[in-house]
>>> print(open('structure-v5.txt').read())   # compact mmCIF, C-alpha atoms
# COMPACT_ATOMS: atom_id res chain seq x y z
CA MET A 1 74.23 140.80 63.74
CA SER A 2 70.62 140.30 62.65
CA VAL A 3 67.21 140.25 64.33
CA LEU A 4 64.33 137.82 63.72
CA ALA A 5 60.91 139.16 64.72
CA LEU A 6 58.01 136.84 65.60
CA LEU A 7 54.27 137.40 66.08
CA LEU A 8 52.96 135.33 69.00
CA ALA A 9 49.17 135.51 68.97
CA GLY A 10 46.52 132.90 69.66
CA PRO A 11 43.34 132.07 71.57
CA LEU A 12 45.47 130.59 74.38
CA GLN A 13 49.12 130.86 75.36
CA ALA A 14 51.07 129.50 78.34
CA TRP A 15 54.62 130.54 79.18
CA GLY A 16 55.75 128.79 82.35
CA ALA A 17 58.95 129.58 84.22
CA SER A 18 58.61 128.10 87.72
CA ALA A 19 55.67 125.76 86.97
CA ARG A 20 56.10 122.32 88.52
CA PHE A 21 54.12 119.23 89.45
CA ALA A 22 50.31 119.61 89.42
CA ARG A 23 50.22 123.42 89.34
CA ARG A 24 51.27 124.85 85.95
CA THR A 25 51.34 128.63 85.98
CA THR A 26 52.12 131.10 83.19
CA GLU A 27 54.14 134.29 83.06
CA HIS A 28 52.44 137.41 81.73
CA ALA A 29 54.70 137.40 78.64
CA PRO A 30 56.60 134.80 76.56
CA THR A 31 59.71 133.40 78.24
CA LYS A 32 63.08 132.95 76.60
CA SER A 33 62.95 129.20 77.27
CA GLY A 34 59.55 128.97 75.58
CA VAL A 35 60.62 130.86 72.45
CA ILE A 36 63.92 128.96 72.21
CA GLY A 37 61.94 125.73 72.47
CA LEU A 38 59.69 126.92 69.64
CA LEU A 39 62.71 127.77 67.45
CA ALA A 40 64.50 124.51 68.26
CA ALA A 41 61.39 122.52 67.34
CA ALA A 42 61.05 124.42 64.07
CA GLN A 43 64.64 123.43 63.24
CA GLY A 44 63.89 119.81 64.06
CA ARG A 45 66.18 119.56 67.07
CA GLN A 46 65.62 116.77 69.58
CA ARG A 47 65.09 117.50 73.26
CA THR A 48 68.55 116.13 74.09
CA ASP A 49 70.38 118.27 71.49
CA ASP A 50 72.79 121.06 72.39
CA LEU A 51 71.10 124.47 72.83
CA SER A 52 74.12 126.68 73.48
CA ASP A 53 73.89 128.61 70.20
CA LEU A 54 70.20 129.41 70.78
CA VAL A 55 70.72 130.31 74.44
CA ALA A 56 73.38 132.83 73.37
CA LEU A 57 70.81 134.75 71.28
CA ARG A 58 69.69 138.06 72.77
CA PHE A 59 65.94 137.97 73.46
CA GLY A 60 63.20 140.55 73.86
CA VAL A 61 59.41 140.70 73.81
CA ARG A 62 56.85 143.50 73.48
CA VAL A 63 53.41 143.17 75.04
CA ASP A 64 50.98 144.31 72.32
CA GLN A 65 47.82 142.93 73.96
CA ARG A 66 47.96 141.70 77.54
CA GLY A 67 45.17 139.17 77.34
CA THR A 68 43.30 137.63 80.26
CA ARG A 69 44.69 135.06 82.69
CA ILE A 70 42.39 132.04 82.98
CA ARG A 71 42.50 128.77 84.93
CA ASP A 72 41.68 125.23 83.81
CA PHE A 73 41.90 121.73 85.28
CA GLN A 74 43.27 118.71 83.44
CA THR A 75 42.98 114.98 84.06
CA ALA A 76 45.34 112.34 82.69
CA ILE A 77 45.97 108.61 82.77
CA HIS A 78 49.45 107.09 83.17
CA LEU A 79 50.51 105.64 79.82
CA ASP A 80 52.10 102.50 81.28
CA THR A 81 49.94 101.66 84.29
CA GLY A 82 46.58 103.06 83.17
CA LYS A 83 46.10 104.67 86.58
CA SER A 84 44.61 108.13 86.94
CA MET A 85 47.12 110.90 87.51
CA PRO A 86 46.52 113.76 89.98
CA VAL A 87 44.30 116.53 88.63
CA SER A 88 46.53 119.38 87.47
CA GLU A 89 45.73 123.08 87.71
CA ARG A 90 46.75 124.97 84.58
CA PHE A 91 46.81 128.67 83.81
CA TYR A 92 46.71 130.32 80.38
CA LEU A 93 46.70 133.74 78.75
CA ALA A 94 43.60 134.21 76.57
CA ASP A 95 43.53 136.62 73.60
CA ALA A 96 47.08 137.86 74.14
CA VAL A 97 49.37 139.23 71.43
CA PHE A 98 53.15 139.65 71.63
CA VAL A 99 56.01 140.62 69.34
CA ALA A 100 59.14 138.64 70.23
CA ALA A 101 62.60 139.03 68.73
CA VAL A 102 65.97 137.28 68.88
CA GLU A 103 69.28 138.87 67.91
CA GLY A 104 72.41 137.02 66.89
CA ASP A 105 74.78 135.88 64.17
CA ASP A 106 73.51 136.50 60.63
CA ALA A 107 73.81 132.86 59.52
CA LEU A 108 71.97 131.49 62.56
CA ILE A 109 69.19 134.08 62.30
CA ASP A 110 68.72 133.33 58.60
CA ASP A 111 68.55 129.60 59.37
CA LEU A 112 65.94 130.21 62.08
CA HIS A 113 63.94 132.32 59.65
CA ARG A 114 63.86 129.46 57.15
CA ALA A 115 62.86 127.06 59.91
CA ILE A 116 59.96 129.26 61.03
CA ARG A 117 58.67 129.43 57.48
CA HIS A 118 59.04 125.65 56.95
CA PRO A 119 59.10 124.05 60.43
CA VAL A 120 60.04 120.43 61.03
CA TYR A 121 57.80 120.31 64.11
CA LEU A 122 54.74 122.54 64.29
CA PRO A 123 55.18 125.58 66.55
CA TYR A 124 52.95 126.21 69.54
CA LEU A 125 52.70 129.00 72.09
CA GLY A 126 54.16 127.44 75.19
CA ARG A 127 52.07 124.25 75.27
CA ARG A 128 50.92 121.85 72.56
CA SER A 129 47.31 122.82 73.22
CA CYS A 130 48.12 126.44 72.22
CA PRO A 131 48.53 126.76 68.43
CA PRO A 132 49.25 130.20 66.92
CA ALA A 133 46.39 132.05 65.26
CA HIS A 134 48.60 133.76 62.66
CA PRO A 135 51.89 133.09 60.85
CA LEU A 136 54.83 133.72 63.18
CA ASP A 137 57.13 135.35 60.64
CA LEU A 138 57.58 139.12 60.93
CA GLY A 139 60.81 139.14 58.96
CA VAL A 140 64.56 139.46 59.47
CA HIS A 141 66.30 142.80 59.99
CA HIS A 142 70.01 142.97 59.14
CA ASP A 143 70.45 146.67 59.87
CA LYS A 144 68.64 147.15 63.20
CA THR A 145 69.18 146.29 66.84
CA LEU A 146 66.75 144.24 68.91
CA GLU A 147 65.44 147.39 70.61
CA GLN A 148 64.95 149.17 67.28
CA VAL A 149 62.93 146.29 65.86
CA LEU A 150 60.69 146.06 68.92
CA THR A 151 60.20 149.82 68.94
CA GLN A 152 59.54 150.30 65.22
CA GLU A 153 57.37 147.22 64.51
CA LYS A 154 53.73 148.21 64.01
CA TRP A 155 51.18 147.55 66.74
CA HIS A 156 49.75 144.04 66.28
CA ALA A 157 46.89 144.10 68.77
CA ALA A 158 43.51 142.97 67.42
CA ASP A 159 41.39 145.61 65.67
CA TRP A 160 38.74 145.51 68.39
CA TYR A 161 41.43 146.10 71.00
CA GLN A 162 42.93 149.02 69.07
CA ARG A 163 39.48 150.59 68.68
CA ARG A 164 39.01 150.53 72.44
CA LEU A 165 41.93 152.97 72.63
CA ARG A 166 40.97 155.05 69.58
CA HIS A 167 41.10 158.21 71.69
CA GLN A 168 44.89 157.71 71.90
CA ALA A 169 46.99 158.56 68.84
CA GLU A 170 49.86 156.61 70.44
CA VAL A 171 49.91 153.78 72.96
CA THR A 172 52.57 152.78 75.48
CA LEU A 173 53.58 149.11 75.49
CA ASN A 174 55.71 147.13 77.93
CA LEU A 175 59.06 145.85 76.70
CA LEU A 176 61.10 143.03 78.31
CA THR A 177 64.67 142.39 77.16
CA ASP A 178 67.71 140.38 78.24
CA ALA A 179 69.77 142.33 80.75
CA PRO A 180 73.57 142.06 81.05
CA PRO A 181 74.98 140.47 84.22
CA GLY A 182 75.06 142.87 87.13
CA ASP A 183 72.44 145.25 85.71
CA PRO A 184 71.11 146.95 88.88
CA GLY A 185 67.72 147.69 87.32
CA ALA A 186 67.00 144.13 86.18
CA ASP A 187 64.83 141.41 87.65
CA SER A 188 65.68 137.71 87.41
CA LEU A 189 63.69 134.82 85.97
CA ARG A 190 64.63 131.13 85.87
CA ASP A 191 63.87 130.59 82.19
CA LEU A 192 67.29 130.23 80.55
CA PRO A 193 67.29 126.64 79.23
CA ILE A 194 70.38 124.51 79.71
CA SER A 195 68.71 121.28 78.62
CA PHE A 196 65.23 120.23 77.49
CA ASP A 197 66.04 116.56 78.16
CA PRO A 198 62.81 115.21 79.74
CA LEU A 199 64.90 113.09 82.13
CA HIS A 200 66.87 116.08 83.40
CA ARG A 201 65.51 119.48 82.43
CA ARG A 202 67.70 122.31 83.62
CA TYR A 203 67.21 126.08 83.64
CA ALA A 204 69.40 128.96 84.80
CA LEU A 205 68.55 132.47 85.95
CA ARG A 206 68.29 135.23 83.36
CA GLY A 207 68.35 138.98 83.90
CA VAL A 208 65.26 140.75 82.54
CA ARG A 209 65.02 144.50 82.07
CA SER A 210 61.58 146.16 81.90
CA ASP A 211 60.96 149.26 79.79
CA THR A 212 58.24 150.85 77.68
CA VAL A 213 57.94 151.91 74.03
CA THR A 214 55.41 154.09 72.25
CA VAL A 215 53.80 153.07 68.96
CA PRO A 216 51.13 154.70 66.74
CA ASN A 217 47.53 153.55 67.00
CA PRO A 218 46.20 152.98 63.46
CA GLN A 219 42.62 153.05 64.82
CA ALA A 220 43.03 156.45 66.48
CA HIS A 221 40.04 158.77 66.09
CA ARG A 222 40.77 161.76 63.88
CA ASP A 223 38.94 164.94 64.88
CA THR A 224 38.55 166.27 61.33
CA PRO A 225 35.83 168.92 60.80
CA PRO A 226 33.07 167.75 58.45
CA ASP A 227 33.54 168.90 54.86
CA HIS A 228 30.10 170.47 54.47
CA ASP A 229 28.00 173.45 55.55
CA PRO A 230 25.12 172.25 57.77
CA THR A 231 23.04 175.35 56.94
CA LEU A 232 22.76 174.20 53.34
CA VAL A 233 20.26 171.58 54.45
CA PHE A 234 17.82 174.42 55.00
CA GLY A 235 18.65 176.29 51.82
CA GLY A 236 21.16 178.73 53.36
CA GLU A 237 20.14 182.37 53.89
>>> encode(input="structure-v5.txt", output="structure tokens")
Amino acid sequence: MSVLALLLAGPLQAWGASARFARRTTEHAPTKSGVIGLLAAAQGRQRTDDLSDLVALRFGVRVDQRGTRIRDFQTAIHLDTGKSMPVSERFYLADAVFVAAVEGDDALIDDLHRAIRHPVYLPYLGRRSCPPAHPLDLGVHHDKTLEQVLTQEKWHAADWYQRRLRHQAEVTLNLLTDAPPGDPGADSLRDLPISFDPLHRRYALRGVRSDTVTVPNPQAHRDTPPDHDPTLVFGGE
């Protein structure tokens, strides 16, 4: 088994799970359906193609920088009739940073890694209006579990965000991973894609387990005594 790690960072992100009709919400972290859609697009799959191999991947995400939830309104015109569509209310995450990872068969993970580096369709962070700000590729790990990768990967929050917490040598980050069926400590989220077919999109419930991990803060303030004698300014004794 191997693990592919991804950096999901951008000015705006939107990861819907129960969003429908004119109100399009976002979860506070990337969904499995959103990341699988990103990977499928990178491979060049069509919306009607089989997703079973990607759905079987184990998924996890670490919240490196929470971001801010913002609201926008969008107007549209029907392509065929030219009539105005209802105004839709859309929510986004601004200035958020996540580390996501998928674990699965070595050959599939290696193929996804190649696709991320040379995508057929450009990746976006939940919606087409949300391009990534940095390359997605954080590498493939053939000798680590999903939890090990998400625990050991360096903190990817923006420098200004890390400096805000410079009084902390280590920071605690939220971790969300796939939970096995029947896990009593897991929540459920309807974001397991069965089909992306625009005529009949289908999603199933997925167990999600919440945890925390601790990572070093590279911007932590070091209380090192100054390497000089202040009395020398006045010539000493």
>>> atom_distance(input="structure-v5.txt", atom1="CA of Thr68 in chain A", atom2="CA of Ala96 in chain A")
7.2 Å
>>> closest_residue(input="structure-v5.txt", among="A:His141, A:Arg117, A:His221, A:Lys154", to="His167 in chain A", atoms="all atoms listed in the file")
A:His221
>>> residues_around(input="structure-v5.txt", residues="His134 in chain A", least_positions_apart="4", cutoff="8 Å", atoms="only C-alpha atoms", output="count of residues only")
4
>>> residues_around(input="structure-v5.txt", residues="range 58-66 of chain A", least_positions_apart="6", cutoff="9 Å", atoms="all atoms listed in the file", output="PDB file with C-alpha atoms, in the coordinates of the input")
ATOM      1  CA  HIS A  28      52.440 137.410  81.730  1.00  0.00           C
ATOM      2  CA  ALA A  29      54.700 137.400  78.640  1.00  0.00           C
ATOM      3  CA  PRO A  30      56.600 134.800  76.560  1.00  0.00           C
ATOM      4  CA  THR A  31      59.710 133.400  78.240  1.00  0.00           C
ATOM      5  CA  LYS A  32      63.080 132.950  76.600  1.00  0.00           C
ATOM      6  CA  VAL A  35      60.620 130.860  72.450  1.00  0.00           C
ATOM      7  CA  LEU A  93      46.700 133.740  78.750  1.00  0.00           C
ATOM      8  CA  ALA A  94      43.600 134.210  76.570  1.00  0.00           C
ATOM      9  CA  ASP A  95      43.530 136.620  73.600  1.00  0.00           C
ATOM     10  CA  ALA A  96      47.080 137.860  74.140  1.00  0.00           C
ATOM     11  CA  VAL A  97      49.370 139.230  71.430  1.00  0.00           C
ATOM     12  CA  PHE A  98      53.150 139.650  71.630  1.00  0.00           C
ATOM     13  CA  VAL A  99      56.010 140.620  69.340  1.00  0.00           C
ATOM     14  CA  ALA A 100      59.140 138.640  70.230  1.00  0.00           C
ATOM     15  CA  ALA A 101      62.600 139.030  68.730  1.00  0.00           C
ATOM     16  CA  VAL A 102      65.970 137.280  68.880  1.00  0.00           C
ATOM     17  CA  GLU A 103      69.280 138.870  67.910  1.00  0.00           C
ATOM     18  CA  GLY A 104      72.410 137.020  66.890  1.00  0.00           C
ATOM     19  CA  LEU A 146      66.750 144.240  68.910  1.00  0.00           C
ATOM     20  CA  GLU A 147      65.440 147.390  70.610  1.00  0.00           C
ATOM     21  CA  LEU A 150      60.690 146.060  68.920  1.00  0.00           C
ATOM     22  CA  THR A 151      60.200 149.820  68.940  1.00  0.00           C
ATOM     23  CA  TRP A 155      51.180 147.550  66.740  1.00  0.00           C
ATOM     24  CA  HIS A 156      49.750 144.040  66.280  1.00  0.00           C
ATOM     25  CA  ALA A 157      46.890 144.100  68.770  1.00  0.00           C
ATOM     26  CA  ALA A 158      43.510 142.970  67.420  1.00  0.00           C
ATOM     27  CA  TYR A 161      41.430 146.100  71.000  1.00  0.00           C
ATOM     28  CA  LEU A 173      53.580 149.110  75.490  1.00  0.00           C
ATOM     29  CA  ASN A 174      55.710 147.130  77.930  1.00  0.00           C
ATOM     30  CA  LEU A 175      59.060 145.850  76.700  1.00  0.00           C
ATOM     31  CA  LEU A 176      61.100 143.030  78.310  1.00  0.00           C
ATOM     32  CA  THR A 177      64.670 142.390  77.160  1.00  0.00           C
ATOM     33  CA  ASP A 178      67.710 140.380  78.240  1.00  0.00           C
ATOM     34  CA  VAL A 208      65.260 140.750  82.540  1.00  0.00           C
ATOM     35  CA  THR A 212      58.240 150.850  77.680  1.00  0.00           C
ATOM     36  CA  VAL A 213      57.940 151.910  74.030  1.00  0.00           C
TER      37      VAL A 213
END
>>> residues_near_point(input="structure-v5.txt", point="(72.3, 133.3, 76.2)", cutoff="10 Å", atoms="only C-alpha atoms", output="list in words")
Lys32, Leu51, Ser52, Asp53, Leu54, Val55, Ala56, Leu57, Arg58, Phe59, Asp178, Leu192, Pro193, Ile194 and Arg206 of chain A
>>> atom_distance(input="structure-v5.txt", atom1="CA of Ala204 in chain A", atom2="CA of Asp191 in chain A")
6.3 Å
>>> atom_distance(input="structure-v5.txt", atom1="CA of Phe73 in chain A", atom2="CA of Tyr124 in chain A")
19.7 Å
>>> closest_residue(input="structure-v5.txt", among="A:Val120, A:Leu205, A:Leu125, A:Leu199", to="Arg45 in chain A", atoms="all atoms listed in the file")
A:Val120
>>> closest_residue(input="structure-v5.txt", among="A:Leu138, A:Ala186, A:Val149, A:Ala115", to="Gln43 in chain A", atoms="all atoms listed in the file")
A:Ala115
>>> residues_around(input="structure-v5.txt", residues="Glu27 in chain A", least_positions_apart="6", cutoff="9 Å", atoms="all atoms listed in the file", output="list in words")
Ala14, Trp15, Gly16, Ala17, Ser18, Tyr92 and Leu93 of chain A
>>> write_last_selection(input="structure-v5.txt", atoms="C-alpha atoms", output="PDB file, in the frame of the given file")
ATOM      1  CA  ALA A  14      51.070 129.500  78.340  1.00  0.00           C
ATOM      2  CA  TRP A  15      54.620 130.540  79.180  1.00  0.00           C
ATOM      3  CA  GLY A  16      55.750 128.790  82.350  1.00  0.00           C
ATOM      4  CA  ALA A  17      58.950 129.580  84.220  1.00  0.00           C
ATOM      5  CA  SER A  18      58.610 128.100  87.720  1.00  0.00           C
ATOM      6  CA  TYR A  92      46.710 130.320  80.380  1.00  0.00           C
ATOM      7  CA  LEU A  93      46.700 133.740  78.750  1.00  0.00           C
TER       8      LEU A  93
END
>>> closest_residue(input="structure-v5.txt", among="A:His118, A:Arg164, A:Asp211, A:His200", to="Asp187 in chain A", atoms="only C-alpha atoms")
A:Asp211
>>> closest_residue(input="structure-v5.txt", among="A:Pro218, A:Ser88, A:Arg71, A:Thr26", to="Gln162 in chain A", atoms="only C-alpha atoms")
A:Pro218
>>> axis_aligned_box(input="structure-v5.txt", around="range 81-100 of chain A", padding_each_side="4 Å", output="AutoDock Vina command-line options")
--center_x 51.3 --center_y 121.1 --center_z 79.7 --size_x 23.6 --size_y 47.0 --size_z 28.6
>>> closest_residue(input="structure-v5.txt", among="A:Ser188, A:Ser33, A:Asn217, A:Ser84", to="Asp159 in chain A", atoms="all atoms listed in the file")
A:Asn217
>>> residues_near_point(input="structure-v5.txt", point="(73.9, 146.9, 61.8)", cutoff="8 Å", atoms="all atoms listed in the file", output="JSON, numbers by chain")
{"A": [1, 2, 142, 143, 144, 145]}
